[in-house]
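K.L.:
My questions will all concern the structure given below.
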Amino acid sequence: MAVEKGETDDALLSEPTDTQHAALNRTPSAYNPLPTFDLPVGERRHYQQQYADMYFARLAQLKPAAEQIASEAWSDFEIAGETPRRVDRVLDVRQGDLCWVIGTCYMEMPLKPNVLDDIGKEHWIAAPPPRVKYTDDENDQIMLEDESGRLRLTGGMLKEHILVTGAIIAVIGTENKDGEFEVLDIRVPDLPRQPPRWERDDGDAAVKGKKVSRSRPKGGKVAIVSALGISGDAGNTLPLDLLMEWLLGESTGPEDQQDAATVSRLIIAGNSLSHASPIPTREELAHAATKKGPRKYGYDSSTWNAAPTDRLDTWLAMLLPSIPITLLPGESDPTATSLPQQPIHLAMFPHSRTYMELPGTKEVSWFNSTTNPAEFDLDGWRFLGTGGQPLDDVYKYVSGEERLEMMEAMLRWRLTAPTAPDTLWCYPFQDGDAFVMRECPHVYFVGNQPKFETTVIEGPAGQMVRLVAVPKFKDTGELVLIDMENLSAEVVKIEIFEGG
Amino acid sequence: MLYEFHRKQNAKKAGTVHATYLITGTRRVEAAPSQTNGVHSRDGEDTVMQSSPVLPSSSMPRPEEAAEEPSFIRSIMLVKEEHLDQAKRALDTVASIHVYSLEANSLSDIQALTECNRKVATSYSSEDPLQAWKQYGTIQNPNARRRTRRGPPPPPAPVAKDADVKTKPLVPTTTSKKESDTTADSKPPSAKQTPEPDKKGSTKPAQTKRQSSDIFKSFAKGKTKAKQESQSSAEATPAPEPEDEPMGGFSEDDAGDDATAAQEDETKVQAGPSKKDRAAELQAMMDQEDEPMEDAPTPAEESQDAETAIDKPDSQKDEESKETVTVENGRRRGRRRVMKKKTVKDEEGYLVTREEPAWESFSEDEPAPKKIKVPPASSTNAGSKASVGKKGGKPGQGNIMSFFGKK
């Protein structure tokens, strides 16, 4: 090991000795996951119910909050001497009457994927490439919906706001002679209550009767990486090895190793495997149909390639003795495709399995394979993260490019996945929409984004949320480090210099 | 050390050794100008969208303020020696430079370096990382929690998967014999009380490939079920452990994937030759021929040794290998083999009744029961019938009189 400083070379160029070097110890990480997105297992999980119930539940959950914001904003609103009044149902709006109403936004977009079109086209033509955006300015319509009915919205104000299907909004305006509601202003429920740091851990300790300690150990850093994209081909896994060596403290110099020792947890936010989704794509199906030979019904296990999961598993197993890991599944990971994706089963990780607790035990695993989206407390801060599917879906609805703004919008709507179940597959929740945020997180991270972006937003009650868009490691080689003391984000980029 | 070697060799004869360096440092990155507001609009974009606040209460700092400060990123770069100076210039500050690897010629494919890590993983898989890695200078974490394994750990990543799939290890038969004997010996009472063996079986993590192939075998209907049943009939009880009870909760609809998977793999070896016959029969019956079932793992004699310290299956001696009958005082006493019926719920929720030979001690003052003759006959019957694996079949009742007998 050498540094290119001429005078100190000889000091370092000595024979290996037997002296024991002090090993670095990693900063501990206080971790406490929330079961917000755990679905019931086995027979208690039903799919018989309708999705409409989810919308009603969502409206019922968010109506009070939206009402409060709207009435504060519009109670003294006056136009031409008229004060607005609150209307309970969307269909109660009268023509010429200034009023405000709360409902669910519904975007009627002809370019949205339509299941009836899919079925009709399936046999005739190859699948068209998926659209980047569903927006079509001439044909899109925005409507407000609640239990009573729908109301079409118009007005220039609409273009200035990000709206997607499923967002609960309060609109003020009046009905014009076409029967459409002309919108003057829009309000959203905005950020919910944010728990102070360590609130949940202190609360748990108080409930158990333990003394609540005022002094907590100083937090370290958290590394968030996304889209490792391990496929079976061996061509591009060197950055993974470099990442592993850096995290383990095997490579780089002493200062960097000390820095690496402050990284107390690694969060992998989705898409660790690149082709492991259980649902075959249309191309795969077409290929299978044209294949000669005996037709195999059901699953054809000869096409199983264990190399990617094996690679992921050994990589994780090499990291686990030193650092705890939280693994969120993503779109291309071997778990259900509908949100909330359940944790990747420990059967996929034969080497790393010993670090996972068995399902059914209450203890938190060292290697925590968790749901997508996931909510957990880390060093007292509340984290909310997804593997990227909700944000990517919202992106398709909106004609802008600003992903951070969309993330902010999702927080202000208090919805983790606003477009579910419209264009995003999800579980038909019956009792309450699990995607409604009850408490505001301190850090909101979304994986699988094209580039790293971060900012801090502020809420009406002083909540501060750090938004982080985590880039794809496979493409950019970047991972995000978040400092637990001040919640600042920095990037570490691992690359292979190409010269030239 | 690497540096010294590199220097010496190149001093002797230039260009013999080529180094690849790992450089760390910081680099300045300009904030991307894409976050502009409507004034600097992109081509064809709707400028109105960008320029106005998109949400009424948006408090995000507008891009104009943020654009001035460049952000620093930490960079870790792998650089070939010819590009070293370039790389150093590209970084604003250089924290460290280390020789990452040495090779005779410049690496044509830099990805080949992953081979090193892979080799390390495979050749040192028997080490326990929590103890051994202190030597390697990795960052230690005293809080690491690991639970003990009950089965042997999976083999290190095999290169040729197909080769492994097809071989059948004979070495583990010694340990397996002990395990299989536990199943055969006197635990019938506990056999009655064990909950569904599929759930129990699921608790033992089996080898990778076996497991993965078994999971997907459950999709290939028919053949798998047969094999699974034959296995469960061969074993009276897998030794359950209480902590693994809750595992059952995880089995989803599809044929209890976990269940079919992790049976005690060694019991397969026990049923060796008959299994091959059954396999041949089944293959004749069904057209599907996925992977052959003999994919029991290549493992790890070595890992088994390592693991025996951690988890030792109860290897009891085989006590009763034969029936004994002693006569005293006109009482017959001893142990004998008896056919016992066992009704179990297998992975798909079907109730299957099987007859299994079990040992029991008896003591009677009646003459030797004629029943002794019947069990051997019906046991072979049961054996072959169970091997064919009729779900829900009732072996041993080929006798029509049973229909009229006591119900």
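Each chain in the structure tokens gets a letter, A, B, ..., in the order shown, and its residues are numbered from 1; ligands are numbered from 1 in order too.
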Return as a ChimeraX atom specification the residues belonging to chain A that are within 7 Å of chain B, counting only C-alpha atoms.

P.N.:
/A:1-3,13,23-26,41-42,159-162,187,235-238,241,248-250,252-253,261,298-299,301-302,310,321-323,350-351,354-355,358-360,366,400,456-458,490-497,499

K.L.:
Need to verify the contact set: segment 57-70 of chain A, 9 Å, only C-alpha atoms, exclusion of same-chain residues closer than 2 positions in sequence. Can you return it as number ranges by chain?

P.N.:
A: 52-55, 72-75, 100-104, 146, 166, 168-172, 186-190, 192, 413-414, 429-436

K.L.:
Take the residues that were just selected and, keeping N, CA, C and O atoms, output them as a compact mmCIF listing (two decimals), in the first residue's frame.

P.N.:
```
# COMPACT_ATOMS: atom_id res chain seq x y z
N ALA A 52 -62.99 0.23 -5.89
CA ALA A 52 -63.64 1.51 -5.62
C ALA A 52 -63.63 1.82 -4.13
O ALA A 52 -63.57 2.97 -3.72
N ASP A 53 -63.68 0.76 -3.33
CA ASP A 53 -63.66 1.00 -1.89
C ASP A 53 -62.41 1.71 -1.47
O ASP A 53 -62.40 2.47 -0.50
N MET A 54 -61.35 1.45 -2.20
CA MET A 54 -60.11 2.11 -1.84
C MET A 54 -60.22 3.61 -2.02
O MET A 54 -59.74 4.39 -1.19
N TYR A 55 -60.85 4.04 -3.09
CA TYR A 55 -61.00 5.47 -3.31
C TYR A 55 -61.86 6.10 -2.24
O TYR A 55 -61.58 7.19 -1.76
N GLU A 72 -59.55 27.26 6.09
CA GLU A 72 -58.65 28.34 6.51
C GLU A 72 -58.33 29.27 5.37
O GLU A 72 -58.28 30.49 5.51
N ALA A 73 -58.13 28.69 4.23
CA ALA A 73 -57.69 29.52 3.10
C ALA A 73 -58.82 30.35 2.53
O ALA A 73 -58.62 31.47 2.08
N TRP A 74 -60.02 29.80 2.52
CA TRP A 74 -61.08 30.43 1.77
C TRP A 74 -62.18 31.02 2.63
O TRP A 74 -63.20 31.43 2.11
N SER A 75 -61.99 31.02 3.89
CA SER A 75 -63.10 31.51 4.70
C SER A 75 -63.33 32.99 4.46
O SER A 75 -64.44 33.48 4.53
N TRP A 100 -67.04 25.79 -2.70
CA TRP A 100 -65.87 24.92 -2.76
C TRP A 100 -66.26 23.53 -2.32
O TRP A 100 -67.17 23.32 -1.53
N VAL A 101 -65.54 22.57 -2.87
CA VAL A 101 -65.91 21.17 -2.67
C VAL A 101 -64.63 20.33 -2.66
O VAL A 101 -63.61 20.71 -3.25
N ILE A 102 -64.70 19.20 -1.96
CA ILE A 102 -63.55 18.31 -1.87
C ILE A 102 -63.86 17.00 -2.57
O ILE A 102 -64.96 16.46 -2.42
N GLY A 103 -62.92 16.53 -3.32
CA GLY A 103 -63.15 15.25 -3.97
C GLY A 103 -61.84 14.66 -4.46
O GLY A 103 -60.76 15.19 -4.22
N THR A 104 -61.99 13.55 -5.14
CA THR A 104 -60.82 12.88 -5.71
C THR A 104 -60.65 13.34 -7.13
O THR A 104 -61.60 13.42 -7.90
N ASP A 146 -66.55 12.14 -6.26
CA ASP A 146 -66.69 11.60 -4.91
C ASP A 146 -67.82 10.58 -4.93
O ASP A 146 -68.20 10.11 -6.00
N GLY A 166 -56.43 10.29 -8.36
CA GLY A 166 -56.29 9.75 -7.02
C GLY A 166 -55.90 10.79 -5.99
O GLY A 166 -55.97 10.51 -4.80
N ILE A 168 -56.45 13.83 -3.60
CA ILE A 168 -57.62 14.44 -2.97
C ILE A 168 -57.38 15.94 -2.96
O ILE A 168 -56.39 16.41 -2.40
N ILE A 169 -58.28 16.66 -3.57
CA ILE A 169 -58.08 18.11 -3.66
C ILE A 169 -59.36 18.83 -3.26
O ILE A 169 -60.47 18.27 -3.33
N ALA A 170 -59.18 20.06 -2.86
CA ALA A 170 -60.32 20.94 -2.60
C ALA A 170 -60.26 22.04 -3.64
O ALA A 170 -59.23 22.69 -3.80
N VAL A 171 -61.37 22.24 -4.33
CA VAL A 171 -61.37 23.26 -5.38
C VAL A 171 -62.44 24.29 -5.07
O VAL A 171 -63.51 23.97 -4.54
N ILE A 172 -62.15 25.52 -5.45
CA ILE A 172 -63.13 26.58 -5.27
C ILE A 172 -63.41 27.17 -6.63
O ILE A 172 -62.52 27.32 -7.47
N ILE A 186 -56.94 25.84 -5.93
CA ILE A 186 -56.89 24.45 -5.49
C ILE A 186 -56.11 24.36 -4.18
O ILE A 186 -55.09 25.04 -4.02
N ARG A 187 -56.60 23.51 -3.30
CA ARG A 187 -55.83 23.27 -2.09
C ARG A 187 -55.68 21.76 -1.88
O ARG A 187 -56.56 20.99 -2.25
N VAL A 188 -54.60 21.36 -1.24
CA VAL A 188 -54.37 19.94 -0.99
C VAL A 188 -54.19 19.74 0.52
O VAL A 188 -53.90 20.71 1.22
N PRO A 189 -54.31 18.53 1.00
CA PRO A 189 -54.23 18.31 2.45
C PRO A 189 -52.90 18.72 3.07
O PRO A 189 -52.82 18.95 4.25
N ASP A 190 -51.86 18.74 2.32
CA ASP A 190 -50.54 19.17 2.80
C ASP A 190 -49.94 18.18 3.80
O ASP A 190 -50.55 17.18 4.15
N PRO A 192 -48.71 15.94 6.72
CA PRO A 192 -49.30 15.58 8.00
C PRO A 192 -48.34 15.90 9.15
O PRO A 192 -47.27 16.44 8.92
N TRP A 413 -49.95 15.68 -1.04
CA TRP A 413 -51.22 15.00 -1.14
C TRP A 413 -51.38 13.94 -0.06
O TRP A 413 -52.43 13.34 0.07
N ARG A 414 -50.32 13.70 0.66
CA ARG A 414 -50.27 12.66 1.67
C ARG A 414 -50.49 11.28 1.08
O ARG A 414 -51.04 10.40 1.74
N PHE A 429 -57.26 -2.66 -0.98
CA PHE A 429 -57.47 -2.45 0.44
C PHE A 429 -58.93 -2.22 0.73
O PHE A 429 -59.62 -1.51 0.02
N GLN A 430 -59.37 -2.81 1.79
CA GLN A 430 -60.79 -2.73 2.08
C GLN A 430 -61.05 -1.72 3.19
O GLN A 430 -61.94 -0.90 3.11
N ASP A 431 -60.23 -1.79 4.23
CA ASP A 431 -60.55 -1.00 5.40
C ASP A 431 -59.97 0.38 5.36
O ASP A 431 -60.45 1.26 6.03
N GLY A 432 -58.95 0.56 4.66
CA GLY A 432 -58.34 1.88 4.66
C GLY A 432 -57.18 1.84 3.70
O GLY A 432 -56.53 0.83 3.55
N ASP A 433 -56.94 2.92 3.07
CA ASP A 433 -55.88 2.95 2.09
C ASP A 433 -54.55 3.04 2.82
O ASP A 433 -54.28 4.00 3.52
N ALA A 434 -53.74 2.02 2.66
CA ALA A 434 -52.45 2.04 3.37
C ALA A 434 -51.50 3.05 2.77
O ALA A 434 -50.49 3.38 3.36
N PHE A 435 -51.84 3.58 1.61
CA PHE A 435 -50.93 4.53 0.99
C PHE A 435 -51.13 5.94 1.49
O PHE A 435 -50.42 6.84 1.08
N VAL A 436 -52.10 6.15 2.36
CA VAL A 436 -52.28 7.47 2.93
C VAL A 436 -51.26 7.65 4.03
O VAL A 436 -51.14 6.82 4.92
```

K.L.:
What is the atom CA of Ser106 of chain B to atom CA of Lys8 of chain B distance in Å?

P.N.:
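Spanning atom CA of Ser106 of chain B to atom CA of Lys8 of chain B is a straight-line distance of 17.6 Å.
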
K.L.:
Enumerate the residues of segment 273-453 of chain A with a DSSP assignment of strand (DSSP E), computed from the backbone, and present them as a list in words.

P.N.:
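The strand (DSSP E) residues within segment 273-453 of chain A come out as Ile325, Thr326, Leu327, Leu328, Phe367, Asn368, Ser369, Ala374, Glu375, Phe376, Asp377, Leu378, Trp381, Arg382, Phe383, Leu384, Gly385, Thr386, Val443, Tyr444, Phe445, Val446, Gly447, Asn448, Gln449 and Glu453 of chain A.
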
K.L.:
Segment 267-274 of chain A: which residues within 7 Å, counting only C-alpha atoms, same-chain residues fewer than 2 positions away excluded, as number ranges by chain?

P.N.:
A: 223-231, 265, 276, 308, 325-333, 386-387, 447

K.L.:
Which distance in Å separates atom CA of Thr419 of chain A and atom CA of Pro340 of chain A, to one decimal?

P.N.:
13.0 Å

K.L.:
Please provide the set of residues having any atom within 6 Å of His18 of chain B, restricted to only C-alpha atoms, with same-chain residues fewer than 6 positions apart removed, written as a list in words.

P.N.:
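After dropping sequence-adjacent residues, the list is Leu102, Glu103, Ala104, Asn105 and Ser106 of chain B.
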
K.L.:
Only N, CA, C and O atoms, please: the residues just picked out, written as a JSON list (two decimals), in the first residue's frame.

P.N.:
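Saved file again36.json follows:
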```json
[["chain", "number", "residue", "atom", "x", "y", "z"],
["B", 102, "LEU", "N", -2.28, -6.01, -9.68],
["B", 102, "LEU", "CA", -1.14, -6.03, -10.59],
["B", 102, "LEU", "C", -1.36, -7.12, -11.61],
["B", 102, "LEU", "O", -1.85, -8.20, -11.28],
["B", 103, "GLU", "N", -1.00, -6.82, -12.81],
["B", 103, "GLU", "CA", -1.11, -7.88, -13.80],
["B", 103, "GLU", "C", 0.02, -7.74, -14.80],
["B", 103, "GLU", "O", 0.68, -6.72, -14.86],
["B", 104, "ALA", "N", 0.23, -8.79, -15.55],
["B", 104, "ALA", "CA", 1.39, -8.78, -16.46],
["B", 104, "ALA", "C", 1.17, -7.82, -17.61],
["B", 104, "ALA", "O", 2.07, -7.11, -18.01],
["B", 105, "ASN", "N", -0.01, -7.82, -18.14],
["B", 105, "ASN", "CA", -0.29, -6.89, -19.23],
["B", 105, "ASN", "C", -1.48, -6.05, -18.84],
["B", 105, "ASN", "O", -2.24, -6.40, -17.96],
["B", 106, "SER", "N", -1.63, -5.02, -19.55],
["B", 106, "SER", "CA", -2.76, -4.14, -19.27],
["B", 106, "SER", "C", -4.05, -4.95, -19.42],
["B", 106, "SER", "O", -4.21, -5.72, -20.35]]
```

K.L.:
Quick one: distance from atom CA of Thr262 of chain A to atom CA of Pro28 of chain A in Å, one decimal?

P.N.:
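If I compute the distance from atom CA of Thr262 of chain A to atom CA of Pro28 of chain A, I get 8.6 Å.
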